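Below is target_3.cif, which holds mmCIF, C-alpha atoms.
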data_input
#
loop_
_atom_site.label_atom_id
_atom_site.label_comp_id
_atom_site.auth_asym_id
_atom_site.auth_seq_id
_atom_site.Cartn_x
_atom_site.Cartn_y
_atom_site.Cartn_z
CA MET C 1 21.88 61.30 -20.22
CA LEU C 2 22.71 62.30 -16.66
CA LYS C 3 19.49 61.13 -15.01
CA GLY C 4 20.22 58.84 -12.06
CA ARG C 5 24.00 59.34 -12.25
CA ASN C 6 26.37 60.47 -9.49
CA LEU C 7 28.84 63.34 -9.67
CA ILE C 8 31.85 62.43 -7.57
CA ALA C 9 34.72 63.81 -9.69
CA PRO C 10 34.71 66.13 -12.73
CA VAL C 11 35.92 63.26 -14.94
CA ASP C 12 32.65 61.43 -14.25
CA PHE C 13 31.08 63.67 -16.91
CA SER C 14 32.19 64.12 -20.51
CA MET C 15 32.75 67.66 -21.77
CA GLU C 16 29.52 67.35 -23.77
CA GLU C 17 27.63 66.43 -20.59
CA ILE C 18 29.25 69.33 -18.73
CA ALA C 19 28.33 71.68 -21.59
CA GLY C 20 24.73 70.45 -21.30
CA VAL C 21 24.65 71.38 -17.59
CA LEU C 22 26.17 74.78 -18.35
CA ASP C 23 23.55 75.34 -21.08
CA THR C 24 20.76 74.66 -18.58
CA ALA C 25 22.44 77.05 -16.11
CA ASP C 26 22.47 79.73 -18.81
CA ARG C 27 18.75 79.21 -19.39
CA ILE C 28 18.14 79.55 -15.64
CA ILE C 29 20.15 82.80 -15.55
CA GLU C 30 18.01 84.14 -18.40
CA ASP C 31 14.67 83.33 -16.80
CA GLN C 32 14.90 82.10 -13.22
CA ALA C 33 11.15 82.28 -12.66
CA ALA C 34 10.56 79.65 -15.35
CA PHE C 35 12.46 77.13 -13.21
CA SER C 36 10.94 77.93 -9.82
CA GLN C 37 8.70 74.85 -9.73
CA LYS C 38 10.85 72.39 -11.65
CA CYS C 39 11.64 70.26 -8.60
CA ARG C 40 8.37 70.65 -6.76
CA GLY C 41 7.74 67.54 -4.66
CA LYS C 42 11.41 66.49 -4.76
CA VAL C 43 13.59 66.26 -1.66
CA LEU C 44 17.31 66.92 -1.45
CA ALA C 45 19.24 65.46 1.50
CA SER C 46 22.11 67.71 2.45
CA LEU C 47 24.57 65.66 4.56
CA PHE C 48 27.39 67.84 5.85
CA TYR C 49 29.74 65.82 8.04
CA GLU C 50 31.97 68.88 8.37
CA PRO C 51 31.04 72.54 8.34
CA SER C 52 30.94 74.40 5.04
CA THR C 53 28.38 77.14 5.23
CA ARG C 54 29.03 78.47 1.74
CA THR C 55 28.64 75.18 -0.13
CA LYS C 56 25.69 74.06 1.98
CA PHE C 57 23.86 77.36 1.41
CA SER C 58 24.56 77.12 -2.29
CA PHE C 59 23.07 73.64 -2.63
CA ASP C 60 20.16 74.29 -0.28
CA THR C 61 19.27 77.53 -2.05
CA ALA C 62 19.58 75.86 -5.44
CA MET C 63 17.00 73.25 -4.45
CA LEU C 64 14.68 75.80 -2.80
CA ARG C 65 14.80 78.00 -5.93
CA LEU C 66 13.72 74.97 -7.97
CA GLY C 67 10.69 74.56 -5.70
CA GLY C 68 12.05 71.47 -3.94
CA GLU C 69 12.55 70.71 -0.25
CA VAL C 70 15.74 70.20 1.73
CA ILE C 71 16.45 67.90 4.69
CA GLY C 72 19.79 67.19 6.32
CA PHE C 73 22.33 68.20 8.91
CA SER C 74 25.48 70.24 9.18
CA ASP C 75 26.70 68.67 12.40
CA PRO C 76 27.27 64.90 12.27
CA MET C 77 26.85 64.67 16.02
CA THR C 78 23.14 65.27 15.50
CA SER C 79 22.91 62.38 13.01
CA SER C 80 23.02 58.60 13.30
CA THR C 81 26.78 58.78 12.77
CA ALA C 82 27.01 59.68 16.45
CA LYS C 83 25.44 56.28 17.17
CA GLY C 84 28.05 54.55 15.05
CA GLU C 85 26.16 54.16 11.79
CA THR C 86 28.40 53.53 8.80
CA VAL C 87 28.47 55.85 5.81
CA ALA C 88 27.21 53.00 3.63
CA ASP C 89 24.17 52.45 5.87
CA SER C 90 23.50 56.19 6.05
CA ALA C 91 23.52 56.37 2.25
CA LYS C 92 21.13 53.46 1.94
CA THR C 93 18.79 54.83 4.60
CA VAL C 94 18.73 58.46 3.52
CA SER C 95 18.11 57.49 -0.10
CA GLN C 96 14.82 55.89 1.02
CA TYR C 97 13.64 59.38 2.02
CA ALA C 98 15.32 61.68 -0.46
CA ASP C 99 15.46 61.94 -4.27
CA ILE C 100 19.04 63.20 -4.33
CA ILE C 101 21.91 63.34 -1.83
CA VAL C 102 24.59 66.00 -1.44
CA VAL C 103 27.45 64.94 0.81
CA ARG C 104 30.46 66.66 2.29
CA HIS C 105 32.81 64.60 4.44
CA PRO C 106 36.35 65.08 5.78
CA LYS C 107 37.42 61.60 4.64
CA GLU C 108 38.53 61.18 1.03
CA GLY C 109 36.49 58.77 -1.06
CA THR C 110 33.33 59.04 1.08
CA ALA C 111 31.16 60.40 -1.71
CA ARG C 112 32.19 57.52 -3.99
CA LEU C 113 31.28 55.10 -1.21
CA MET C 114 27.89 56.74 -0.71
CA GLY C 115 27.29 56.63 -4.45
CA ARG C 116 27.76 52.86 -4.36
CA TYR C 117 25.14 52.31 -1.68
CA ALA C 118 22.53 55.03 -2.21
CA ASP C 119 19.42 54.31 -4.28
CA CYS C 120 19.44 57.86 -5.65
CA PRO C 121 22.00 60.19 -7.26
CA VAL C 122 24.83 61.43 -5.04
CA ILE C 123 26.70 64.72 -5.51
CA ASN C 124 30.11 65.16 -3.94
CA ALA C 125 30.24 68.52 -2.17
CA GLY C 126 33.88 67.96 -1.13
CA ASP C 127 35.58 64.90 0.33
CA GLY C 128 38.63 66.03 2.27
CA GLY C 129 41.43 67.15 -0.01
CA HIS C 130 40.18 64.93 -2.83
CA MET C 131 37.46 66.36 -5.09
CA HIS C 132 34.96 69.21 -5.17
CA PRO C 133 33.44 68.85 -8.64
CA THR C 134 30.68 71.43 -8.31
CA GLN C 135 33.33 74.10 -7.66
CA THR C 136 34.81 73.11 -11.01
CA LEU C 137 31.39 73.38 -12.68
CA THR C 138 30.99 76.78 -11.03
CA ASP C 139 34.35 77.92 -12.41
CA LEU C 140 33.55 76.65 -15.90
CA LEU C 141 30.16 78.39 -15.93
CA THR C 142 31.77 81.61 -14.71
CA ILE C 143 34.43 81.51 -17.43
CA ARG C 144 31.99 80.57 -20.19
CA HIS C 145 29.41 83.13 -19.14
CA GLU C 146 31.91 85.97 -18.65
CA MET C 147 34.22 85.21 -21.59
CA GLY C 148 31.70 83.61 -23.95
CA THR C 149 33.92 80.56 -24.48
CA LEU C 150 36.05 77.94 -22.75
CA ASP C 151 38.50 77.68 -25.65
CA GLY C 152 41.57 79.64 -26.68
CA LEU C 153 42.07 81.40 -23.35
CA THR C 154 45.23 82.31 -21.45
CA VAL C 155 44.50 81.17 -17.92
CA GLY C 156 46.69 82.25 -15.01
CA VAL C 157 46.35 80.41 -11.73
CA CYS C 158 48.03 82.07 -8.80
CA GLY C 159 48.87 81.27 -5.18
CA ASP C 160 49.06 77.87 -3.54
CA LEU C 161 49.25 75.64 -6.57
CA MET C 162 50.66 72.71 -4.65
CA PHE C 163 47.73 72.03 -2.35
CA GLY C 164 44.91 73.87 -4.14
CA ARG C 165 42.59 71.04 -5.17
CA THR C 166 40.16 73.52 -6.77
CA ILE C 167 42.90 74.67 -9.10
CA HIS C 168 44.10 71.14 -9.92
CA SER C 169 40.57 70.19 -10.78
CA LEU C 170 39.95 73.27 -12.94
CA VAL C 171 43.24 72.93 -14.83
CA THR C 172 42.74 69.22 -15.56
CA CYS C 173 39.19 69.92 -16.70
CA LEU C 174 40.26 72.82 -18.96
CA CYS C 175 42.76 70.41 -20.52
CA ARG C 176 39.71 68.91 -22.23
CA CYS C 177 39.06 72.24 -24.02
CA GLU C 178 40.88 73.65 -27.07
CA GLY C 179 43.93 75.91 -27.23
CA ILE C 180 44.39 76.83 -23.57
CA HIS C 181 47.63 78.50 -22.47
CA PHE C 182 48.22 77.99 -18.75
CA VAL C 183 50.36 80.28 -16.63
CA PHE C 184 51.24 78.83 -13.22
CA ILE C 185 52.10 81.64 -10.81
CA SER C 186 53.33 80.56 -7.37
CA PRO C 187 56.20 80.77 -4.91
CA LYS C 188 58.82 78.09 -5.60
CA GLU C 189 57.70 76.20 -2.49
CA LEU C 190 54.09 75.91 -3.70
CA ARG C 191 54.53 74.97 -7.34
CA MET C 192 52.02 72.99 -9.35
CA PRO C 193 52.41 69.23 -8.75
CA GLU C 194 54.00 67.17 -11.50
CA TYR C 195 50.85 65.13 -12.17
CA VAL C 196 48.92 68.26 -13.19
CA LYS C 197 51.76 69.44 -15.45
CA HIS C 198 51.86 65.96 -16.92
CA ALA C 199 48.12 66.13 -17.65
CA VAL C 200 48.60 69.50 -19.40
CA ARG C 201 51.52 68.14 -21.46
CA GLU C 202 49.58 65.02 -22.41
CA SER C 203 46.62 67.10 -23.57
CA GLY C 204 48.86 69.16 -25.87
CA HIS C 205 48.26 72.54 -24.21
CA GLN C 206 51.00 75.05 -23.42
CA TRP C 207 52.06 76.02 -19.91
CA GLU C 208 54.64 78.22 -18.27
CA GLU C 209 55.69 78.68 -14.66
CA THR C 210 56.66 81.92 -12.93
CA THR C 211 56.91 83.72 -9.59
CA ASP C 212 56.25 87.10 -11.24
CA LEU C 213 52.55 88.01 -11.22
CA GLU C 214 53.12 91.55 -12.52
CA GLY C 215 55.21 90.25 -15.39
CA VAL C 216 52.53 87.95 -16.75
CA ILE C 217 49.27 89.69 -15.80
CA PRO C 218 49.10 91.73 -19.08
CA LYS C 219 48.63 88.61 -21.19
CA LEU C 220 46.00 86.86 -19.06
CA ASP C 221 42.31 86.41 -19.95
CA ILE C 222 41.57 84.78 -16.60
CA LEU C 223 43.39 85.31 -13.30
CA TYR C 224 42.36 82.66 -10.79
CA MET C 225 43.62 83.61 -7.33
CA SER C 226 43.79 81.15 -4.44
CA ARG C 227 44.37 81.28 -0.73
CA VAL C 228 47.44 79.84 0.96
CA GLN C 229 45.87 77.39 3.40
CA ARG C 230 47.24 77.51 6.92
CA GLU C 231 46.25 73.88 7.63
CA ARG C 232 48.63 72.64 4.92
CA PHE C 233 51.73 73.88 6.73
CA VAL C 234 53.63 72.14 9.48
CA SER C 235 55.56 75.30 10.28
CA GLU C 236 53.65 78.46 11.23
CA GLU C 237 56.73 80.46 10.24
CA GLU C 238 56.67 79.06 6.72
CA TYR C 239 52.94 79.82 6.43
CA LEU C 240 53.43 83.41 7.54
CA ARG C 241 56.29 83.82 5.07
CA LEU C 242 54.23 82.59 2.11
CA LYS C 243 50.68 83.68 2.88
CA ASP C 244 51.09 87.21 1.55
CA TYR C 245 53.45 86.30 -1.29
CA PHE C 246 50.93 87.53 -3.86
CA ILE C 247 48.47 90.32 -3.18
CA LEU C 248 46.35 91.51 -6.07
CA THR C 249 46.01 95.28 -5.88
CA PRO C 250 44.46 97.99 -8.09
CA GLU C 251 48.02 98.85 -9.23
CA LYS C 252 48.51 95.31 -10.56
CA MET C 253 45.01 95.34 -12.07
CA ALA C 254 46.03 98.44 -14.03
CA LEU C 255 48.49 96.25 -15.95
CA ALA C 256 45.81 93.70 -16.92
CA LYS C 257 43.62 93.50 -20.03
CA GLU C 258 40.37 95.38 -20.00
CA LYS C 259 38.45 92.14 -20.49
CA MET C 260 40.40 89.98 -18.04
CA ILE C 261 38.39 88.54 -15.15
CA VAL C 262 39.58 87.73 -11.62
CA MET C 263 38.21 84.58 -10.02
CA HIS C 264 38.62 83.11 -6.54
CA PRO C 265 36.92 80.10 -4.90
CA LEU C 266 36.59 82.12 -1.66
CA PRO C 267 37.02 82.63 1.21
CA ARG C 268 39.88 85.01 0.59
CA VAL C 269 42.33 86.16 3.22
CA ASN C 270 44.79 88.80 1.99
CA GLU C 271 45.47 87.69 -1.57
CA ILE C 272 42.99 90.12 -3.14
CA ALA C 273 42.89 93.63 -1.72
CA THR C 274 39.31 94.74 -1.01
CA ALA C 275 40.03 97.80 -3.19
CA VAL C 276 39.85 95.44 -6.19
CA ASP C 277 36.23 94.45 -5.38
CA ASP C 278 34.75 97.45 -7.17
CA ASP C 279 36.65 96.73 -10.38
CA PRO C 280 34.15 95.30 -12.90
CA ARG C 281 36.73 92.63 -13.75
CA ALA C 282 36.48 91.23 -10.20
CA ALA C 283 34.20 88.26 -10.90
CA TYR C 284 34.52 86.37 -7.61
CA PHE C 285 31.23 87.41 -6.07
CA ARG C 286 29.41 86.82 -9.35
CA GLN C 287 31.15 83.42 -9.30
CA VAL C 288 29.29 82.60 -6.07
CA LYS C 289 25.98 83.20 -7.82
CA PHE C 290 27.05 81.14 -10.82
CA GLY C 291 27.72 78.36 -8.31
CA MET C 292 24.09 78.37 -7.27
CA TYR C 293 22.85 78.40 -10.89
CA VAL C 294 25.09 75.53 -11.92
CA ARG C 295 23.99 73.49 -8.90
CA MET C 296 20.35 74.12 -9.90
CA ALA C 297 21.17 72.86 -13.38
CA LEU C 298 23.02 69.84 -11.99
CA ILE C 299 20.20 68.85 -9.63
CA MET C 300 17.74 69.05 -12.53
CA ALA C 301 20.00 66.94 -14.76
CA LEU C 302 20.54 64.18 -12.18
CA LEU C 303 16.84 64.08 -11.35
CA GLY C 304 15.97 63.95 -15.04
CA VAL C 305 13.89 67.14 -14.85
CA GLU C 306 13.54 68.88 -18.23
CA MET T 1 55.76 14.07 1.96
CA GLU T 2 58.66 16.48 1.82
CA GLN T 3 61.79 15.59 3.66
CA LEU T 4 64.63 17.83 4.56
CA LYS T 5 68.14 16.40 4.56
CA ASN T 6 71.51 17.89 5.10
CA THR T 7 73.82 15.96 2.79
CA GLY T 8 76.90 17.87 3.81
CA GLU T 9 76.66 19.96 0.62
CA GLY T 10 73.70 21.94 1.92
CA ILE T 11 70.06 21.34 2.73
CA VAL T 12 68.20 19.30 0.12
CA VAL T 13 64.44 19.07 -0.16
CA SER T 14 63.12 15.89 -1.69
CA LYS T 15 60.99 16.07 -4.81
CA LEU T 16 57.43 17.28 -4.57
CA VAL T 17 54.73 14.72 -5.46
CA ASN T 18 51.56 16.85 -5.51
CA GLY T 19 51.51 20.58 -4.96
CA ILE T 20 53.01 23.88 -5.97
CA VAL T 21 56.55 25.16 -6.32
CA ILE T 22 57.07 28.89 -6.19
CA ASP T 23 60.56 29.40 -7.54
CA HIS T 24 62.84 32.27 -8.52
CA ILE T 25 61.57 34.41 -5.68
CA LYS T 26 63.75 37.47 -5.19
CA GLN T 27 66.01 36.93 -2.21
CA GLY T 28 64.29 38.19 0.93
CA GLN T 29 60.74 38.14 -0.49
CA GLY T 30 60.04 34.51 0.39
CA TYR T 31 58.85 35.18 3.91
CA LYS T 32 56.61 38.02 2.73
CA ILE T 33 54.94 35.69 0.22
CA PHE T 34 54.74 32.98 2.87
CA LYS T 35 52.84 35.37 5.16
CA GLN T 36 50.62 36.89 2.46
CA LEU T 37 49.52 33.48 1.22
CA GLY T 38 48.69 32.51 4.79
CA LEU T 39 50.98 29.49 4.57
CA ASP T 40 51.70 29.76 8.29
CA THR T 41 48.14 28.64 8.94
CA LEU T 42 48.18 25.76 6.47
CA GLU T 43 48.22 22.24 7.87
CA ASP T 44 49.90 20.79 4.79
CA VAL T 45 53.64 20.47 4.46
CA VAL T 46 55.25 23.76 3.50
CA VAL T 47 58.93 24.44 2.98
CA LEU T 48 60.32 27.94 2.79
CA MET T 49 63.93 28.08 1.71
CA ARG T 50 65.82 31.32 1.82
CA ASN T 51 69.11 32.37 0.24
CA VAL T 52 69.25 29.35 -2.05
CA PRO T 53 72.24 29.57 -4.46
CA SER T 54 71.06 30.27 -8.02
CA ARG T 55 73.06 30.52 -11.23
CA LYS T 56 70.79 33.20 -12.68
CA MET T 57 69.92 35.14 -9.57
CA GLY T 58 72.93 34.65 -7.32
CA LYS T 59 70.64 33.84 -4.43
CA LYS T 60 66.91 33.28 -4.39
CA ASP T 61 64.09 32.15 -2.15
CA LEU T 62 61.90 29.13 -2.85
CA ILE T 63 58.62 27.77 -1.48
CA LYS T 64 57.26 24.27 -1.89
CA ILE T 65 53.75 23.40 -0.80
CA GLU T 66 52.46 19.83 -0.68
CA THR T 67 48.80 20.67 -1.17
CA ASP T 68 45.81 20.93 -3.47
CA MET T 69 45.04 24.51 -2.45
CA GLU T 70 44.57 27.30 -4.96
CA VAL T 71 47.26 29.97 -5.00
CA ASN T 72 46.08 33.54 -5.26
CA LEU T 73 48.34 34.72 -8.05
CA ASP T 74 47.27 38.34 -7.56
CA VAL T 75 49.23 38.49 -4.34
CA LEU T 76 52.26 36.77 -5.86
CA GLY T 77 52.27 39.08 -8.85
CA LEU T 78 52.19 42.06 -6.54
CA ILE T 79 55.07 40.99 -4.33
CA ASP T 80 57.37 39.44 -6.91
CA PRO T 81 56.18 39.38 -10.52
CA ASN T 82 59.38 37.53 -11.56
CA ALA T 83 58.65 34.49 -9.39
CA THR T 84 57.54 31.33 -11.21
CA VAL T 85 54.77 28.98 -10.18
CA THR T 86 54.78 25.32 -11.14
CA TYR T 87 51.95 22.94 -10.36
CA VAL T 88 53.11 19.36 -9.74
CA LYS T 89 50.99 16.23 -10.01
CA ASP T 90 52.28 12.71 -9.39
CA GLY T 91 55.81 14.07 -9.32
CA LYS T 92 55.50 15.72 -12.71
CA SER T 93 55.26 19.36 -13.63
CA VAL T 94 51.78 19.83 -15.15
CA LYS T 95 51.45 23.60 -15.42
CA LYS T 96 53.80 26.57 -15.28
CA VAL T 97 52.41 30.02 -14.63
CA ARG T 98 54.20 33.29 -15.44
CA LEU T 99 53.30 36.09 -13.14
CA THR T 100 52.60 39.65 -14.12
CA LEU T 101 51.39 42.63 -12.18
CA PRO T 102 47.61 42.38 -12.05
CA LYS T 103 45.79 45.32 -13.66
CA ARG T 104 43.51 45.42 -10.67
CA VAL T 105 43.28 43.71 -7.31
CA ASP T 106 40.27 43.40 -5.05
CA GLY T 107 40.43 43.12 -1.28
CA ILE T 108 44.18 42.61 -0.97
CA LEU T 109 45.79 46.02 -0.69
CA THR T 110 44.94 48.56 1.96
CA CYS T 111 45.03 52.26 1.22
CA LYS T 112 48.08 54.03 2.63
CA ASN T 113 46.26 57.37 2.67
CA PRO T 114 45.32 57.98 6.33
CA ARG T 115 42.56 60.36 5.20
CA CYS T 116 40.86 57.71 3.05
CA ILE T 117 37.39 56.54 4.11
CA THR T 118 38.54 52.91 3.73
CA ASN T 119 40.74 53.45 6.79
CA GLN T 120 37.79 54.60 8.84
CA GLU T 121 35.10 52.16 7.82
CA ARG T 122 35.36 48.46 7.18
CA ILE T 123 34.75 48.16 3.45
CA ALA T 124 34.91 44.75 1.82
CA ASN T 125 36.95 44.17 -1.35
CA VAL T 126 38.34 47.61 -1.96
CA ARG T 127 39.58 47.68 -5.55
CA PHE T 128 42.99 49.02 -6.56
CA THR T 129 43.94 49.69 -10.18
CA LEU T 130 47.49 49.56 -11.50
CA VAL T 131 48.58 53.08 -12.45
CA ASP T 132 52.38 52.72 -12.68
CA GLU T 133 53.89 49.37 -13.58
CA GLU T 134 57.47 50.44 -12.88
CA SER T 135 56.91 51.69 -9.35
CA LYS T 136 54.18 49.08 -8.76
CA GLU T 137 51.74 51.78 -7.73
CA TYR T 138 48.04 51.16 -7.46
CA ALA T 139 45.25 53.73 -7.09
CA CYS T 140 42.54 53.27 -4.48
CA GLU T 141 39.07 53.21 -6.06
CA TYR T 142 37.72 55.56 -3.41
CA CYS T 143 40.31 58.28 -2.75
CA GLU T 144 42.50 57.59 -5.83
CA ALA T 145 45.66 57.95 -3.72
CA ARG T 146 48.53 55.82 -4.95
CA THR T 147 49.71 52.99 -2.79
CA ARG T 148 51.89 49.87 -3.02
CA LEU T 149 52.08 46.59 -1.21
#

What would you get if you wrote out this structure as structure tokens?
Amino acid sequence: MLKGRNLIAPVDFSMEEIAGVLDTADRIIEDQAAFSQKCRGKVLASLFYEPSTRTKFSFDTAMLRLGGEVIGFSDPMTSSTAKGETVADSAKTVSQYADIIVVRHPKEGTARLMGRYADCPVINAGDGGHMHPTQTLTDLLTIRHEMGTLDGLTVGVCGDLMFGRTIHSLVTCLCRCEGIHFVFISPKELRMPEYVKHAVRESGHQWEETTDLEGVIPKLDILYMSRVQRERFVSEEEYLRLKDYFILTPEKMALAKEKMIVMHPLPRVNEIATAVDDDPRAAYFRQVKFGMYVRMALIMALLGVE
Amino acid sequence: MEQLKNTGEGIVVSKLVNGIVIDHIKQGQGYKIFKQLGLDTLEDVVVLMRNVPSRKMGKKDLIKIETDMEVNLDVLGLIDPNATVTYVKDGKSVKKVRLTLPKRVDGILTCKNPRCITNQERIANVRFTLVDEESKEYACEYCEARTRL
């Protein structure tokens, strides 16, 4: 039962609970019109203490497509924060108006703090470099919808594996599935952190590490690309050296399975050539839409709407 | 009342009548414990001895407190889990306590992650959970970053 709960980190939900949300999302995809009034009379407060147009649009649209209303801000200087209000007080206050809160904040742990004080469910829409659980739900829905299963897949994650929180979160969540083979593809300088490898080992799944995308692409079912983030580097030189380390091109796609899908949390920079966009295996724009569906399903679950 | 004497063979502290002896403190940790327990603000008699010769430890630190105050063992366990605590009443040892690393501590540690919300807002009793006994690392309940005392 997810009614009244918060979603701060993916581990807050069991795999059965996650599967329940994905099932609802599948039903929404099948017949969106049937869900258009499910949240009529409900209000979602969208509190964005730092800009994130994509995530905010996704949540706002999700609520609007359920027939609910949205209040909120995307610039904290227009909120009570500018007057010095604490996050705890904001949570308490806003939850008197709204039925559910979505929060994005640059400081890590803020969503957990809000969840403690709010009188309604709180969804973490990203707290600094910490967690972004609805991206993980989006990724899981995309994989399950496109591949028909979350089990027994060979999943390649490629790019900045050291700082990519989206990838850490997805890999640790997939560890709760059956028979996953992970392939970590990154420059030596941006390898997967030990704690993620440890989690994979502990869960009994297989993993391998390589710098050779072309060498491993033929065996992948999923290729999850990620951006090298400029803000993570102290040296601009180092960033420039690594940012174009992997570029997915039609030539590399020619080596991949016919049923493989390419995912990306977006925005992309250079890591996927635009020429790949027309390939039916390029799932990253469909992934954006799955994000909206899964957020619709999540809002319904936390509000206890059947 | 404690009395310090120099007998020519070193400094000797007379026997405690009522209070607490924190013994077997790792050399150099005594002052840290002294500060963390807030003993510098206590009006009772407190003796901090450093570099005391010890057969087992070579050298150790030692604290004696002539008081009825409660000792927060969480702090002690965090700084030096091998220290021993003995409660003394009427000159006799009435209770010995063995310290271990607490599984969780509330309101004592501060998060070392500069990006953690607890370093921006004043939040009472932030909880830390022990995640690695060997390295004495605790995870912040909010950002989950690992930190130590």

Handout entry: Test item: residues at most 10 Å from Glu144 of chain T, all atoms listed in the file, excluding those fewer than 3 positions along its chain, as a ChimeraX atom specification
Key = /C:108-109,130 /T:111,113,116,128-129,138-141,147

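Shell of segment 70-82 of chain T at 8 Å, with all atoms listed in the file counted and residues fewer than 2 places along the chain excluded, is His24, Ile25, Lys26, Gln29, Lys32, Ile33, Gln36, Leu37, Asp68, Thr84, Arg98, Leu99, Thr100, Leu101, Pro102, Val105, Ile108, Lys136 and Leu149 of chain T.
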
Problem - Residues within 9 Å of Leu170 of chain C, all atoms listed in the file, excluding chain neighbours under 6 positions, as a PyMOL selection string - result: chain C and resi 10+133+135-137+139-140

Generate a file of the selected residues that holds C-alpha atoms, formatted as an mmCIF file, keeping the file's coordinate frame.
data_model
loop_
_atom_site.group_PDB
_atom_site.id
_atom_site.type_symbol
_atom_site.label_atom_id
_atom_site.label_comp_id
_atom_site.auth_asym_id
_atom_site.auth_seq_id
_atom_site.Cartn_x
_atom_site.Cartn_y
_atom_site.Cartn_z
ATOM 1 C CA PRO C 10 34.710 66.130 -12.730
ATOM 2 C CA PRO C 133 33.440 68.850 -8.640
ATOM 3 C CA GLN C 135 33.330 74.100 -7.660
ATOM 4 C CA THR C 136 34.810 73.110 -11.010
ATOM 5 C CA LEU C 137 31.390 73.380 -12.680
ATOM 6 C CA ASP C 139 34.350 77.920 -12.410
ATOM 7 C CA LEU C 140 33.550 76.650 -15.900
#

Handout entry: Two-atom distance - atom CA of His205 of chain C, atom CA of Val294 of chain C (Å)
Key =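 Between these atoms lies a distance of 26.4 Å.
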
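Any residue of chain T with an atom no more than 7 Å from chain C counts as a contact; using all atoms listed in the file, that gives Arg115, Cys116, Ile117, Glu121, Tyr142 and Cys143 of chain T.
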
Practice task
Could you state which residues are captured by the PyMOL selection byres ((chain T and resi 64) around 10) in this file, as number ranges by chain?
Solution key: T: 2, 13, 15-16, 19-23, 45-49, 62-63, 65-67, 85-86

Handout entry: Hits from the PyMOL selection byres ((chain C and resi 256-264) around 8), listed as a list in words
Key =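 Applied to this file, the PyMOL selection byres ((chain C and resi 256-264) around 8) selects Glu146, Ile217, Pro218, Lys219, Leu220, Asp221, Ile222, Leu223, Tyr224, Met225, Ser226, Lys252, Met253, Ala254, Leu255, Pro265, Leu266, Pro267, Arg268, Arg281, Ala282, Ala283, Tyr284 and Gln287 of chain C.
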
Those residues you just picked out, can you put them in a file as a PDB file, in the frame of the given file with C-alpha atoms?
ATOM      1  CA  GLU C 146      31.910  85.970 -18.650  1.00  0.00           C
ATOM      2  CA  ILE C 217      49.270  89.690 -15.800  1.00  0.00           C
ATOM      3  CA  PRO C 218      49.100  91.730 -19.080  1.00  0.00           C
ATOM      4  CA  LYS C 219      48.630  88.610 -21.190  1.00  0.00           C
ATOM      5  CA  LEU C 220      46.000  86.860 -19.060  1.00  0.00           C
ATOM      6  CA  ASP C 221      42.310  86.410 -19.950  1.00  0.00           C
ATOM      7  CA  ILE C 222      41.570  84.780 -16.600  1.00  0.00           C
ATOM      8  CA  LEU C 223      43.390  85.310 -13.300  1.00  0.00           C
ATOM      9  CA  TYR C 224      42.360  82.660 -10.790  1.00  0.00           C
ATOM     10  CA  MET C 225      43.620  83.610  -7.330  1.00  0.00           C
ATOM     11  CA  SER C 226      43.790  81.150  -4.440  1.00  0.00           C
ATOM     12  CA  LYS C 252      48.510  95.310 -10.560  1.00  0.00           C
ATOM     13  CA  MET C 253      45.010  95.340 -12.070  1.00  0.00           C
ATOM     14  CA  ALA C 254      46.030  98.440 -14.030  1.00  0.00           C
ATOM     15  CA  LEU C 255      48.490  96.250 -15.950  1.00  0.00           C
ATOM     16  CA  PRO C 265      36.920  80.100  -4.900  1.00  0.00           C
ATOM     17  CA  LEU C 266      36.590  82.120  -1.660  1.00  0.00           C
ATOM     18  CA  PRO C 267      37.020  82.630   1.210  1.00  0.00           C
ATOM     19  CA  ARG C 268      39.880  85.010   0.590  1.00  0.00           C
ATOM     20  CA  ARG C 281      36.730  92.630 -13.750  1.00  0.00           C
ATOM     21  CA  ALA C 282      36.480  91.230 -10.200  1.00  0.00           C
ATOM     22  CA  ALA C 283      34.200  88.260 -10.900  1.00  0.00           C
ATOM     23  CA  TYR C 284      34.520  86.370  -7.610  1.00  0.00           C
ATOM     24  CA  GLN C 287      31.150  83.420  -9.300  1.00  0.00           C
TER      25      GLN C 287
END

Exercise for the section: Quote the spacing between atom CA of Ser203 of chain C and atom CA of Val171 of chain C in Å to one decimal place. Expected result: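 Value for the atom CA of Ser203 of chain C-atom CA of Val171 of chain C distance: 11.0 Å.
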
Practice task
Point out the residue among C:Ala19, C:Ile101, C:Val200, C:Val70 with the least atom-to-atom distance to His168 of chain C, counting all atoms listed in the file.
Solution key: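 Of C:Ala19, C:Ile101, C:Val200, C:Val70, the one nearest His168 of chain C, counting all atoms listed in the file, is C:Val200.
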
Handout entry: Gap from atom CA of Val228 of chain C to atom CA of Lys243 of chain C - Å, one decimal
Key =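 Separating atom CA of Val228 of chain C from atom CA of Lys243 of chain C is a distance of 5.4 Å.
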
Practice task
Can you give me, as a ChimeraX atom specification, the residues this file yields under the PyMOL selection byres ((chain T and resi 90) around 9)?
Solution key: /T:16-18,88-89,91-93

Practice task
Can you work out which one of C:Glu251, C:Asp244, C:Glu189, C:Asp75 has the shortest atom-to-atom distance to Asn270 of chain C, counting only C-alpha atoms?
Solution key: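 Of C:Glu251, C:Asp244, C:Glu189, C:Asp75, the one nearest Asn270 of chain C is C:Asp244, counting only C-alpha atoms.
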
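Distances from C:Ile272, C:Val122, C:Cys175, C:Leu141 to Cys158 of chain C were compared using all atoms listed in the file, and the smallest one belongs to C:Ile272.
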